[in-house]
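**Q** Input work-v1.csv, format and content: CSV, C-alpha atoms and all ligand atoms.
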chain,number,residue,atom,x,y,z
A,1,MET,CA,25.0,5.3,-123.1
A,2,PHE,CA,27.1,7.3,-125.4
A,3,VAL,CA,25.8,7.9,-129.0
A,4,ASP,CA,27.9,9.9,-131.3
A,5,ARG,CA,26.4,9.0,-134.7
A,6,ILE,CA,22.8,8.5,-135.5
A,7,LYS,CA,20.3,8.6,-138.4
A,8,VAL,CA,17.1,10.4,-137.8
A,9,TYR,CA,14.0,11.2,-139.7
A,10,ALA,CA,12.6,14.7,-139.3
A,11,GLN,CA,9.1,15.8,-140.2
A,12,ALA,CA,8.1,19.4,-139.8
A,13,GLY,CA,4.4,20.3,-139.2
A,14,ASN,CA,1.9,20.8,-142.0
A,15,GLY,CA,0.2,24.2,-142.4
A,16,GLY,CA,-3.4,24.3,-141.2
A,17,ARG,CA,-6.2,24.4,-143.8
A,18,GLY,CA,-8.0,27.7,-144.6
A,19,CYS,CA,-11.6,28.0,-143.5
A,20,VAL,CA,-14.8,28.5,-145.5
A,21,SER,CA,-17.3,30.5,-143.5
A,22,PHE,CA,-19.8,33.3,-143.9
A,23,ARG,CA,-20.7,36.1,-141.6
A,24,ARG,CA,-24.0,35.5,-139.9
A,25,GLU,CA,-25.5,38.4,-138.1
A,26,LYS,CA,-28.9,39.5,-137.2
A,27,PHE,CA,-30.2,42.1,-139.7
A,28,VAL,CA,-27.4,41.3,-142.1
A,29,PRO,CA,-29.0,38.9,-144.5
A,30,LYS,CA,-26.0,38.1,-146.8
A,31,GLY,CA,-22.8,38.4,-144.6
A,32,GLY,CA,-19.7,38.1,-146.7
A,33,PRO,CA,-17.0,35.4,-146.4
A,34,ASP,CA,-15.1,35.4,-143.2
A,35,GLY,CA,-13.1,32.1,-143.2
A,36,GLY,CA,-9.7,32.7,-141.7
A,37,ASP,CA,-6.3,31.3,-142.6
A,38,GLY,CA,-4.7,28.1,-141.3
A,39,GLY,CA,-1.7,28.4,-138.9
A,40,ARG,CA,1.9,27.6,-139.7
A,41,GLY,CA,3.3,24.1,-139.1
A,42,GLY,CA,6.2,23.9,-136.6
A,43,ASP,CA,9.8,23.7,-137.7
A,44,VAL,CA,12.2,21.0,-136.6
A,45,ILE,CA,15.2,22.8,-135.1
A,46,LEU,CA,18.5,21.5,-133.8
A,47,ARG,CA,20.1,23.6,-131.1
A,48,ALA,CA,23.7,23.1,-129.9
A,49,ASP,CA,23.7,22.9,-126.1
A,50,ARG,CA,26.7,22.8,-123.9
A,51,HIS,CA,24.9,20.7,-121.3
A,52,THR,CA,24.3,17.9,-123.8
A,53,ASP,CA,27.3,15.7,-124.3
A,54,ASN,CA,26.1,13.1,-126.8
A,55,LEU,CA,23.2,12.2,-129.1
A,56,SER,CA,21.6,9.5,-126.9
A,57,ASN,CA,18.3,11.4,-126.6
A,58,LEU,CA,17.8,10.8,-130.3
A,59,PHE,CA,18.6,7.1,-129.9
A,60,TYR,CA,15.3,6.7,-128.2
A,61,GLU,CA,13.5,9.1,-130.4
A,62,PRO,CA,15.0,8.9,-133.9
A,63,ILE,CA,11.8,10.3,-135.5
A,64,ILE,CA,11.5,14.0,-134.8
A,65,LYS,CA,8.1,15.5,-135.5
A,66,ALA,CA,6.8,19.0,-135.1
A,67,LYS,CA,3.1,19.6,-134.8
A,68,SER,CA,0.8,20.8,-137.6
A,69,GLY,CA,-0.8,24.3,-137.6
A,70,GLY,CA,-4.5,24.7,-136.6
A,71,HIS,CA,-7.1,25.1,-139.2
A,72,GLY,CA,-8.6,28.5,-139.9
A,73,MET,CA,-11.9,29.4,-138.3
A,74,GLY,CA,-14.9,31.7,-138.9
A,75,LYS,CA,-14.9,35.4,-138.0
A,76,LYS,CA,-11.5,35.6,-139.9
A,77,MET,CA,-9.8,33.8,-137.1
A,78,HIS,CA,-6.4,32.4,-137.9
A,79,GLY,CA,-5.6,28.8,-136.9
A,80,ARG,CA,-3.0,28.4,-134.2
A,81,SER,CA,0.6,28.3,-135.3
A,82,ALA,CA,2.3,25.1,-134.1
A,83,PRO,CA,5.3,25.5,-131.8
A,84,ASN,CA,8.7,24.6,-133.2
A,85,LYS,CA,10.2,21.3,-132.2
A,86,ILE,CA,13.6,22.0,-130.7
A,87,VAL,CA,16.1,19.2,-130.2
A,88,LYS,CA,19.2,19.7,-128.2
A,89,VAL,CA,22.4,18.3,-129.6
A,90,PRO,CA,26.0,18.5,-128.3
A,91,ILE,CA,28.3,21.2,-129.5
A,92,GLY,CA,30.3,19.8,-132.4
A,93,THR,CA,27.3,18.0,-134.1
A,94,ILE,CA,27.5,17.9,-137.9
A,95,VAL,CA,24.4,17.3,-140.0
A,96,TYR,CA,24.5,15.3,-143.3
A,97,PRO,CA,21.5,14.7,-145.6
A,98,ALA,CA,20.9,11.0,-145.6
A,99,GLY,CA,18.2,10.1,-148.0
A,100,ASP,CA,16.7,10.8,-151.4
A,101,ASP,CA,13.3,11.5,-149.9
A,102,GLN,CA,14.0,15.1,-149.0
A,103,ARG,CA,11.4,17.6,-150.1
A,104,ARG,CA,14.0,20.2,-150.9
A,105,THR,CA,17.7,20.2,-151.2
A,106,PRO,CA,19.3,22.2,-148.5
A,107,LYS,CA,19.8,25.8,-149.5
A,108,ALA,CA,23.3,27.2,-149.6
A,109,LYS,CA,22.5,29.7,-146.9
A,110,ASP,CA,21.7,26.9,-144.5
A,111,SER,CA,25.3,25.8,-144.4
A,112,THR,CA,27.1,27.1,-141.4
A,113,LEU,CA,30.1,25.1,-142.3
A,114,ASN,CA,33.6,26.3,-142.3
A,115,SER,CA,35.6,24.0,-144.4
A,116,GLU,CA,38.6,24.3,-142.1
A,117,GLN,CA,36.5,23.1,-139.2
A,118,LEU,CA,35.5,20.0,-141.0
A,119,ALA,CA,38.8,18.2,-140.9
A,120,THR,CA,38.4,14.6,-142.0
A,121,GLY,CA,36.6,11.4,-141.7
A,122,ASN,CA,34.4,8.9,-143.4
A,123,TRP,CA,32.0,11.5,-144.7
A,124,GLN,CA,34.3,13.5,-146.8
A,125,SER,CA,32.3,12.7,-149.9
A,126,SER,CA,29.0,13.7,-148.4
A,127,ILE,CA,28.5,17.4,-147.9
A,128,PRO,CA,27.2,18.5,-144.6
A,129,VAL,CA,24.4,21.0,-144.3
A,130,ALA,CA,25.3,22.3,-140.9
A,131,ASP,CA,28.0,22.2,-138.3
A,132,LEU,CA,26.8,23.4,-134.9
A,133,THR,CA,30.0,24.6,-133.2
A,134,ARG,CA,28.7,27.3,-130.7
A,135,ASP,CA,26.5,27.0,-127.7
A,136,GLY,CA,22.9,28.0,-128.5
A,137,GLN,CA,23.5,27.9,-132.3
A,138,GLU,CA,20.4,26.7,-134.1
A,139,PHE,CA,19.8,25.1,-137.4
A,140,VAL,CA,16.4,24.7,-139.0
A,141,LEU,CA,16.5,21.1,-140.1
A,142,ARG,CA,13.1,21.0,-141.7
A,143,GLU,CA,10.7,23.9,-142.2
A,144,GLY,CA,7.0,23.8,-141.3
A,145,GLY,CA,4.4,24.4,-144.0
A,146,ALA,CA,2.6,27.7,-144.4
A,147,GLY,CA,-1.1,27.9,-143.4
A,148,GLY,CA,-3.7,27.7,-146.2
A,149,LYS,CA,-5.9,30.7,-147.1
A,150,GLY,CA,-9.5,31.1,-145.9
A,151,ASN,CA,-12.3,32.0,-148.2
A,152,VAL,CA,-12.1,35.6,-147.1
A,153,HIS,CA,-9.3,36.0,-149.6
A,154,PHE,CA,-11.4,34.9,-152.5
A,155,LYS,CA,-14.1,37.5,-152.6
A,156,SER,CA,-14.4,39.4,-155.8
A,157,SER,CA,-17.0,41.6,-157.5
A,158,ARG,CA,-18.2,38.6,-159.5
A,159,ASN,CA,-18.1,36.1,-156.6
A,160,ARG,CA,-19.4,37.5,-153.4
A,161,ALA,CA,-19.9,34.1,-151.8
A,162,PRO,CA,-16.7,32.2,-152.5
A,163,ARG,CA,-16.4,28.6,-151.3
A,164,GLU,CA,-12.7,28.5,-152.2
A,165,TYR,CA,-9.9,28.0,-149.7
A,166,THR,CA,-6.5,26.4,-149.9
A,167,GLU,CA,-4.9,23.5,-147.9
A,168,GLY,CA,-1.9,24.3,-145.8
A,169,ASP,CA,1.5,23.5,-147.3
A,170,GLU,CA,3.0,20.2,-146.3
A,171,GLY,CA,5.9,20.4,-143.8
A,172,GLU,CA,9.3,19.4,-145.1
A,173,SER,CA,10.7,16.0,-144.2
A,174,GLY,CA,13.8,13.9,-144.7
A,175,HIS,CA,16.4,11.6,-143.3
A,176,PHE,CA,19.6,13.0,-141.8
A,177,LEU,CA,22.8,11.6,-140.3
A,178,LEU,CA,24.0,13.4,-137.2
A,179,GLU,CA,27.6,12.9,-136.2
A,180,LEU,CA,29.4,14.3,-133.2
A,181,ARG,CA,32.9,15.5,-133.6
A,182,THR,CA,34.0,16.7,-130.2
A,183,ILE,CA,35.5,20.2,-130.2
A,184,ALA,CA,38.4,20.7,-127.8
A,185,ASP,CA,41.6,22.6,-127.7
A,186,ALA,CA,43.8,19.6,-127.1
A,187,GLY,CA,43.3,15.9,-127.5
A,188,LEU,CA,45.0,13.2,-125.4
A,189,ILE,CA,46.2,10.2,-127.5
A,190,GLY,CA,47.8,7.1,-126.0
A,191,TYR,CA,47.8,3.4,-125.5
A,192,PRO,CA,45.4,2.0,-123.0
A,193,ASN,CA,46.6,2.4,-119.4
A,194,ALA,CA,49.1,5.2,-120.3
A,195,GLY,CA,47.3,7.3,-117.7
A,196,LYS,CA,45.3,9.7,-119.9
A,197,SER,CA,42.3,9.7,-117.6
A,198,THR,CA,44.4,10.0,-114.5
A,199,LEU,CA,45.9,13.1,-116.0
A,200,LEU,CA,42.6,14.6,-117.0
A,201,ARG,CA,41.3,14.1,-113.5
A,202,LYS,CA,44.4,15.9,-112.1
A,203,ILE,CA,44.1,19.0,-114.3
A,204,SER,CA,40.3,19.4,-114.6
A,205,ALA,CA,37.1,18.8,-112.8
A,206,ALA,CA,36.2,16.0,-115.2
A,207,ARG,CA,35.9,12.6,-113.6
A,208,PRO,CA,36.7,9.9,-116.2
A,209,LYS,CA,37.1,6.4,-114.7
A,210,VAL,CA,40.6,5.3,-114.0
A,211,ALA,CA,41.6,1.6,-113.6
A,212,ALA,CA,44.5,-0.7,-114.2
A,213,TYR,CA,42.9,-2.5,-117.1
A,214,PRO,CA,42.9,-1.5,-120.8
A,215,PHE,CA,39.9,0.3,-122.3
A,216,THR,CA,38.7,1.8,-119.1
A,217,THR,CA,37.6,4.9,-121.0
A,218,LEU,CA,34.9,3.9,-123.5
A,219,HIS,CA,33.9,7.2,-125.0
A,220,PRO,CA,35.4,10.7,-125.2
A,221,ILE,CA,35.2,12.9,-122.2
A,222,ILE,CA,36.0,16.6,-122.2
A,223,GLY,CA,37.7,18.4,-119.2
A,224,VAL,CA,38.0,22.1,-118.7
A,225,VAL,CA,41.4,23.2,-117.5
A,226,GLU,CA,41.8,26.5,-115.7
A,227,LEU,CA,45.1,27.8,-116.9
A,228,SER,CA,44.7,31.1,-115.1
A,229,GLU,CA,41.9,33.3,-113.9
A,230,TYR,CA,41.2,34.4,-117.4
A,231,ARG,CA,42.2,31.5,-119.5
A,232,ARG,CA,40.5,28.1,-119.7
A,233,VAL,CA,41.1,25.4,-122.2
A,234,THR,CA,39.4,22.1,-123.0
A,235,ILE,CA,41.0,18.8,-123.3
A,236,ALA,CA,39.5,15.7,-124.8
A,237,ASP,CA,40.3,12.2,-123.3
A,238,ILE,CA,39.5,9.5,-125.9
A,239,PRO,CA,39.7,5.7,-125.5
A,240,GLY,CA,43.1,4.1,-125.8
A,241,LEU,CA,44.5,3.4,-129.2
A,242,ILE,CA,46.3,0.2,-130.1
A,243,GLU,CA,48.2,-0.9,-133.2
A,244,GLY,CA,45.8,-1.5,-136.0
A,245,ALA,CA,43.3,1.0,-134.6
A,246,HIS,CA,42.9,2.6,-138.0
A,247,ARG,CA,41.7,-0.8,-139.2
A,248,GLY,CA,39.2,-0.9,-136.3
A,249,LEU,CA,41.2,-2.9,-133.8
A,250,GLY,CA,40.5,-2.3,-130.2
A,251,LEU,CA,38.0,0.5,-129.8
A,252,GLY,CA,39.9,1.9,-132.7
A,253,HIS,CA,39.2,4.4,-135.2
A,254,GLU,CA,35.6,4.9,-134.0
A,255,PHE,CA,36.9,7.5,-131.6
A,256,LEU,CA,39.7,9.1,-133.6
A,257,ARG,CA,37.2,11.4,-135.3
A,258,HIS,CA,36.7,13.1,-131.9
A,259,ILE,CA,40.3,14.4,-132.0
A,260,THR,CA,40.1,15.6,-135.6
A,261,ARG,CA,38.9,19.0,-134.4
A,262,CYS,CA,41.5,19.5,-131.6
A,263,ARG,CA,44.1,22.2,-132.2
A,264,ILE,CA,47.0,20.3,-130.7
A,265,PHE,CA,47.6,16.6,-129.9
A,266,LEU,CA,49.2,15.4,-126.6
A,267,PHE,CA,50.6,11.9,-126.9
A,268,VAL,CA,50.7,10.3,-123.5
A,269,VAL,CA,53.1,7.4,-123.0
A,270,ASP,CA,53.9,5.2,-120.1
A,271,VAL,CA,57.6,6.2,-120.0
A,272,ALA,CA,58.4,3.6,-117.4
A,273,GLY,CA,57.3,0.9,-119.8
A,274,SER,CA,55.6,-0.6,-116.8
A,275,GLU,CA,53.6,-3.1,-118.8
A,276,GLY,CA,56.6,-4.4,-120.7
A,277,ARG,CA,56.1,-1.8,-123.4
A,278,ASN,CA,58.7,0.4,-125.0
A,279,PRO,CA,57.9,4.1,-124.8
A,280,ILE,CA,59.8,4.9,-128.0
A,281,GLU,CA,57.9,2.2,-130.0
A,282,ASP,CA,54.7,3.3,-128.4
A,283,LEU,CA,55.1,6.9,-129.6
A,284,GLN,CA,56.2,5.9,-133.1
A,285,GLN,CA,53.2,3.5,-133.3
A,286,LEU,CA,50.7,6.1,-132.1
A,287,ARG,CA,52.0,8.6,-134.7
A,288,LYS,CA,51.7,6.0,-137.4
A,289,GLU,CA,48.1,5.1,-136.4
A,290,LEU,CA,47.2,8.8,-136.6
A,291,ASP,CA,48.8,9.1,-140.0
A,292,LEU,CA,47.1,6.0,-141.3
A,293,TYR,CA,43.8,7.3,-140.1
A,294,ASP,CA,44.3,10.6,-141.8
A,295,PRO,CA,47.6,12.0,-143.1
A,296,ARG,CA,46.5,15.5,-142.6
A,297,LEU,CA,46.4,15.0,-138.9
A,298,SER,CA,50.1,14.3,-138.8
A,299,GLU,CA,50.7,17.9,-139.7
A,300,ARG,CA,49.0,19.3,-136.6
A,301,PRO,CA,51.2,20.5,-133.7
A,302,TRP,CA,51.9,17.7,-131.3
A,303,PHE,CA,53.7,17.2,-128.0
A,304,ALA,CA,54.6,14.3,-125.8
A,305,ILE,CA,53.7,13.6,-122.2
A,306,ALA,CA,56.0,11.2,-120.5
A,307,ASN,CA,53.8,9.8,-117.7
A,308,LYS,CA,54.6,7.5,-114.8
A,309,MET,CA,57.9,9.3,-113.9
A,310,ASP,CA,57.5,7.9,-110.4
A,311,LEU,CA,58.3,4.4,-111.5
A,312,PRO,CA,61.7,2.8,-111.9
A,313,GLY,CA,63.4,3.1,-115.2
A,314,ALA,CA,61.5,6.2,-116.2
A,315,GLU,CA,64.4,8.6,-116.1
A,316,GLU,CA,66.5,6.4,-118.4
A,317,ASN,CA,63.7,5.9,-120.8
A,318,LEU,CA,62.9,9.6,-120.9
A,319,ARG,CA,66.5,10.3,-121.9
A,320,ALA,CA,66.3,7.7,-124.7
A,321,LEU,CA,62.9,9.2,-125.8
A,322,ARG,CA,64.4,12.7,-126.0
A,323,ARG,CA,67.3,11.4,-128.1
A,324,LYS,CA,65.0,9.7,-130.5
A,325,PHE,CA,62.7,12.8,-130.8
A,326,PRO,CA,65.1,15.7,-130.4
A,327,LYS,CA,62.7,18.2,-132.0
A,328,ILE,CA,59.7,17.3,-130.0
A,329,GLU,CA,58.9,18.9,-126.6
A,330,ILE,CA,58.5,16.1,-124.1
A,331,GLU,CA,57.0,16.9,-120.7
A,332,PRO,CA,57.7,14.5,-117.9
A,333,ILE,CA,55.0,14.0,-115.3
A,334,SER,CA,53.5,11.6,-112.8
A,335,ALA,CA,49.8,12.0,-113.2
A,336,ALA,CA,49.2,9.7,-110.2
A,337,LYS,CA,51.4,11.7,-107.9
A,338,GLY,CA,50.5,15.1,-109.4
A,339,GLU,CA,54.1,15.9,-110.3
A,340,GLY,CA,55.0,18.1,-113.2
A,341,ILE,CA,51.3,19.2,-113.6
A,342,GLU,CA,51.9,22.9,-113.0
A,343,GLU,CA,54.8,22.9,-115.5
A,344,LEU,CA,52.6,21.0,-118.0
A,345,LYS,CA,49.8,23.6,-117.6
A,346,LYS,CA,52.3,26.5,-118.3
A,347,ASN,CA,53.5,24.7,-121.5
A,348,LEU,CA,49.9,24.0,-122.5
A,349,ALA,CA,49.1,27.7,-122.5
A,350,ARG,CA,52.2,28.4,-124.7
A,351,TRP,CA,51.5,25.5,-127.1
A,352,LEU,CA,48.0,26.7,-127.6
A,353,GLU,CA,49.1,30.2,-128.2
A,354,THR,CA,51.4,29.3,-131.0
A,355,ALA,CA,49.1,26.7,-132.6
A,356,PRO,CA,47.0,27.8,-135.5
A,357,GLU,CA,43.3,28.4,-134.8
A,401,LIG,N1,52.7,4.6,-111.0
A,401,LIG,C1,51.8,5.4,-111.8
A,401,LIG,N2,50.7,4.8,-112.2
A,401,LIG,C2,49.8,5.6,-112.9
A,401,LIG,C3,50.2,6.9,-113.3
A,401,LIG,N3,49.2,7.4,-114.0
A,401,LIG,C4,48.2,6.5,-114.2
A,401,LIG,N4,48.6,5.4,-113.5
A,401,LIG,C5,47.9,4.1,-113.4
A,401,LIG,O1,47.8,3.5,-114.7
A,401,LIG,C6,46.5,2.8,-114.8
A,401,LIG,C7,45.7,3.3,-116.0
A,401,LIG,O2,45.4,4.7,-115.8
A,401,LIG,P1,44.2,5.3,-116.6
A,401,LIG,O3,44.2,6.8,-116.3
A,401,LIG,O4,42.9,4.6,-116.5
A,401,LIG,O5,44.8,5.1,-118.1
A,401,LIG,P2,44.1,5.5,-119.5
A,401,LIG,O6,45.2,5.9,-120.4
A,401,LIG,O7,43.0,6.5,-119.3
A,401,LIG,O8,43.6,4.1,-120.0
A,401,LIG,P3,42.3,3.7,-121.0
A,401,LIG,O9,41.1,4.5,-120.6
A,401,LIG,O10,42.1,2.3,-120.8
A,401,LIG,O11,42.8,4.0,-122.4
A,401,LIG,C8,45.8,3.1,-113.5
A,401,LIG,O12,46.0,2.0,-112.6
A,401,LIG,C9,46.5,4.3,-112.9
A,401,LIG,O13,46.4,4.4,-111.5
A,401,LIG,C10,51.4,7.5,-112.8
A,401,LIG,O14,51.8,8.6,-113.0
A,401,LIG,N5,52.2,6.6,-112.1
A,402,MG,MG,41.0,6.3,-119.7
Could you express the structure from this file as structure tokens?
Ligand SMILES: Nc1nc2c(ncn2[C@@H]2O[C@H](COP(=O)(O)OP(=O)(O)OP(=O)(O)O)[C@@H](O)[C@H]2O)c(=O)[nH]1
Ligand SMILES: [Mg+2]

**A**
Amino acid sequence: MFVDRIKVYAQAGNGGRGCVSFRREKFVPKGGPDGGDGGRGGDVILRADRHTDNLSNLFYEPIIKAKSGGHGMGKKMHGRSAPNKIVKVPIGTIVYPAGDDQRRTPKAKDSTLNSEQLATGNWQSSIPVADLTRDGQEFVLREGGAGGKGNVHFKSSRNRAPREYTEGDEGESGHFLLELRTIADAGLIGYPNAGKSTLLRKISAARPKVAAYPFTTLHPIIGVVELSEYRRVTIADIPGLIEGAHRGLGLGHEFLRHITRCRIFLFVVDVAGSEGRNPIEDLQQLRKELDLYDPRLSERPWFAIANKMDLPGAEENLRALRRKFPKIEIEPISAAKGEGIEELKKNLARWLETAPE
């Protein structure tokens, strides 16, 4: 199962209670107070992890709780501090507050957000508190409570046998919406059956399913492409788009947010028009869908990949496509036969070098 958006409830651990206790020793009739402090409650922490590719672990456990600290004990012993609860999330996870029950509003310093990184989407109005973009990056979602004080702290010249102590602080809690926006260098955009997954299999070790029916790919898949010994880039394959995708037709729009953070777009068309389609219309329609989804995405550098060059009619259609889009670089390939792939990789390196970060 692939989960890329989920609401969770986080509850950090409470601090342990301080202890009331007095020293009891032989030959020391009135031992002073020796109640220790409570331990700290555990934090709830999100950690970006490159081996986690979606949020499905939270689907089964949408309530995230950290343990409470231990109570203080006699002989000035501190209660045990609870371990932090660490939840692994995919790189590209964005965190939004999602409830009015939060015990504190997120502090400005919490925000790891770079406004440029947060391109677009349905959540423009809601301000995220974190954007986990690097492997191993952590975000303290909710802080555990501090431990209470034991009676050892309350001794004074007037009160030598204090019975005072404090409770531990409550752990913070609150609702959050976690949303994954895949981070990749390039995004493949095309109609169903254009051959996006076939291409990704050819140029990377990723193994998306390929089949001769539409909507074979049901969720985004990232492939790592080795351009040279020193240079590797990531490419995201998303489900096919159809006309009206921005309105939610087909698998639609749901998945367009996964290309909002790609630096360049690669539009894949079936240039042979093998399913009775017209590659020129396909490309125009795909551009339009992207623009309707978010006009800012239209400004991002884009290139076209004319796939299925091995089929009849492809050469002719390619010429027509080039006439229609004279300013756009169009790369002819046959993903199935592996033709034009090396040339495509070379161009990919160049396209990414010139694209803005
Ligand atoms: N002749 C020919 N067929 C191809 C080529 N590339 C892909 N195909 C075929 O086209 C069909 C669809 O390929 P996929 O890679 O699954 O297409 P997709 O764009 O990922 O499709 P969705 O996941 O449904 O959006 C499969 O039957 C492929 O074998 C090509 O270069 N030439
Ligand atoms: Mg596919």

**Q** Around ligand LIG 401 (chain A), at most 10 Å away and counting only C-alpha atoms and all ligand atoms, which residues are there? Put them as a PyMOL selection string, please.

**A** chain A and resi 188-202+208-220+237-242+251+268-272+274-275+306-312+332-339

**Q** Out of A:Ile235, A:Thr260, A:Glu143, A:Gly32, which residue has the shortest atom-to-atom distance to Ser156 in chain A when counting all atoms listed in the file?

**A**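 Using all atoms listed in the file, the shortest distance to Ser156 in chain A belongs to A:Gly32.
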
**Q** Return the single residue from A:Arg181, A:Arg207, A:Arg231, A:Arg319 that is closest to ligand MG 402 (chain A), with distances computed using only C-alpha atoms and all ligand atoms.

**A**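 With only C-alpha atoms and all ligand atoms as the atom set, the closest residue is A:Arg207.
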
**Q** Just checking: using only C-alpha atoms and all ligand atoms, which residue out of A:Leu141, A:Ala98, A:Ala206, A:Ala146 ends up closest to ligand MG 402 (chain A)?

**A**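 So, comparing all the options, the nearest one is A:Ala206.
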
**Q** What's the 7 Å shell around His71 in chain A, counting all atoms listed in the file, without same-chain residues fewer than 3 positions away, as a list of chain:residue names?

**A**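 In the requested form, the answer reads A:Gly16, A:Arg17, A:Gly18, A:Cys19, A:Gly38, A:Gly39, A:Gly79.
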
**Q** For a quick check of understanding, using all atoms listed in the file, which of A:Arg261, A:Lys75, A:Lys30, A:Arg23 has the smallest distance to Thr133 in chain A?

**A**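 Residue with the minimum atom-to-atom distance to Thr133 in chain A: A:Arg261.
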
**Q** Using all atoms listed in the file, find the one residue out of A:Val95, A:Ile6, A:Val152, A:Val28 that sits nearest to Lys76 in chain A.

**A** A:Val152

**Q** Compile the contact shell of Leu297 in chain A as a PDB file with C-alpha atoms, in the coordinates of the input: residues with an atom at most 10 Å away, counting all atoms listed in the file, same-chain residues fewer than 6 positions apart removed.

**A**
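part36.pdb, written as the output of this step:
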ATOM      1  CA  ALA A 119      38.800  18.200-140.900  1.00  0.00           C
ATOM      2  CA  THR A 120      38.400  14.600-142.000  1.00  0.00           C
ATOM      3  CA  ILE A 259      40.300  14.400-132.000  1.00  0.00           C
ATOM      4  CA  THR A 260      40.100  15.600-135.600  1.00  0.00           C
ATOM      5  CA  ARG A 261      38.900  19.000-134.400  1.00  0.00           C
ATOM      6  CA  CYS A 262      41.500  19.500-131.600  1.00  0.00           C
ATOM      7  CA  ILE A 264      47.000  20.300-130.700  1.00  0.00           C
ATOM      8  CA  PHE A 265      47.600  16.600-129.900  1.00  0.00           C
ATOM      9  CA  ARG A 287      52.000   8.600-134.700  1.00  0.00           C
ATOM     10  CA  LEU A 290      47.200   8.800-136.600  1.00  0.00           C
ATOM     11  CA  ASP A 291      48.800   9.100-140.000  1.00  0.00           C
TER      12      ASP A 291
END

**Q** Between A:Val129, A:Ile222, A:Ser81, A:Lys88, single out the one closest to ligand MG 402 (chain A), counting all atoms listed in the file.

**A**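 Nearest candidate to ligand MG 402 (chain A) out of A:Val129, A:Ile222, A:Ser81, A:Lys88: A:Ile222.
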
**Q** Which residues, written as a list in words, have at least one atom at most 8 Å from Leu178 in chain A, with all atoms listed in the file counted and residues fewer than 3 positions away on the same chain left out?

**A**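 Within the cut-off, the hits are Asp4, Arg5, Ile6, Lys7, Val8, Thr93, Ile94, Val95 and Tyr96 of chain A.
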
**Q** Add whatever atoms are absent from range 222-226 of chain A to reach all heavy atoms, and provide the output as a PDB file, keeping the file's coordinate frame.

**A**
ATOM      1  N   ILE A 222      35.326  15.336-122.058  1.00  0.00           N
ATOM      2  CA  ILE A 222      36.000  16.600-122.200  1.00  0.00           C
ATOM      3  C   ILE A 222      36.204  17.209-120.768  1.00  0.00           C
ATOM      4  O   ILE A 222      35.288  17.198-119.956  1.00  0.00           O
ATOM      5  CB  ILE A 222      35.212  17.608-123.011  1.00  0.00           C
ATOM      6  CG1 ILE A 222      35.140  17.078-124.429  1.00  0.00           C
ATOM      7  CG2 ILE A 222      35.854  18.983-123.008  1.00  0.00           C
ATOM      8  CD1 ILE A 222      34.605  18.047-125.410  1.00  0.00           C
ATOM      9  N   GLY A 223      37.402  17.692-120.501  1.00  0.00           N
ATOM     10  CA  GLY A 223      37.700  18.400-119.200  1.00  0.00           C
ATOM     11  C   GLY A 223      38.021  19.818-119.502  1.00  0.00           C
ATOM     12  O   GLY A 223      38.611  20.140-120.536  1.00  0.00           O
ATOM     13  N   VAL A 224      37.621  20.687-118.596  1.00  0.00           N
ATOM     14  CA  VAL A 224      38.000  22.100-118.700  1.00  0.00           C
ATOM     15  C   VAL A 224      39.113  22.392-117.768  1.00  0.00           C
ATOM     16  O   VAL A 224      39.010  22.123-116.580  1.00  0.00           O
ATOM     17  CB  VAL A 224      36.756  22.995-118.374  1.00  0.00           C
ATOM     18  CG1 VAL A 224      37.141  24.475-118.487  1.00  0.00           C
ATOM     19  CG2 VAL A 224      35.586  22.673-119.280  1.00  0.00           C
ATOM     20  N   VAL A 225      40.205  22.899-118.301  1.00  0.00           N
ATOM     21  CA  VAL A 225      41.400  23.200-117.500  1.00  0.00           C
ATOM     22  C   VAL A 225      41.520  24.679-117.289  1.00  0.00           C
ATOM     23  O   VAL A 225      41.522  25.432-118.261  1.00  0.00           O
ATOM     24  CB  VAL A 225      42.654  22.627-118.185  1.00  0.00           C
ATOM     25  CG1 VAL A 225      43.887  22.866-117.321  1.00  0.00           C
ATOM     26  CG2 VAL A 225      42.485  21.153-118.502  1.00  0.00           C
ATOM     27  N   GLU A 226      41.613  25.095-116.033  1.00  0.00           N
ATOM     28  CA  GLU A 226      41.800  26.500-115.700  1.00  0.00           C
ATOM     29  C   GLU A 226      43.278  26.816-115.758  1.00  0.00           C
ATOM     30  O   GLU A 226      43.998  26.418-114.862  1.00  0.00           O
ATOM     31  CB  GLU A 226      41.247  26.854-114.341  1.00  0.00           C
ATOM     32  CG  GLU A 226      39.856  26.344-114.067  1.00  0.00           C
ATOM     33  CD  GLU A 226      38.806  27.409-114.302  1.00  0.00           C
ATOM     34  OE1 GLU A 226      39.181  28.585-114.522  1.00  0.00           O
ATOM     35  OE2 GLU A 226      37.610  27.058-114.284  1.00  0.00           O
TER      36      GLU A 226
END
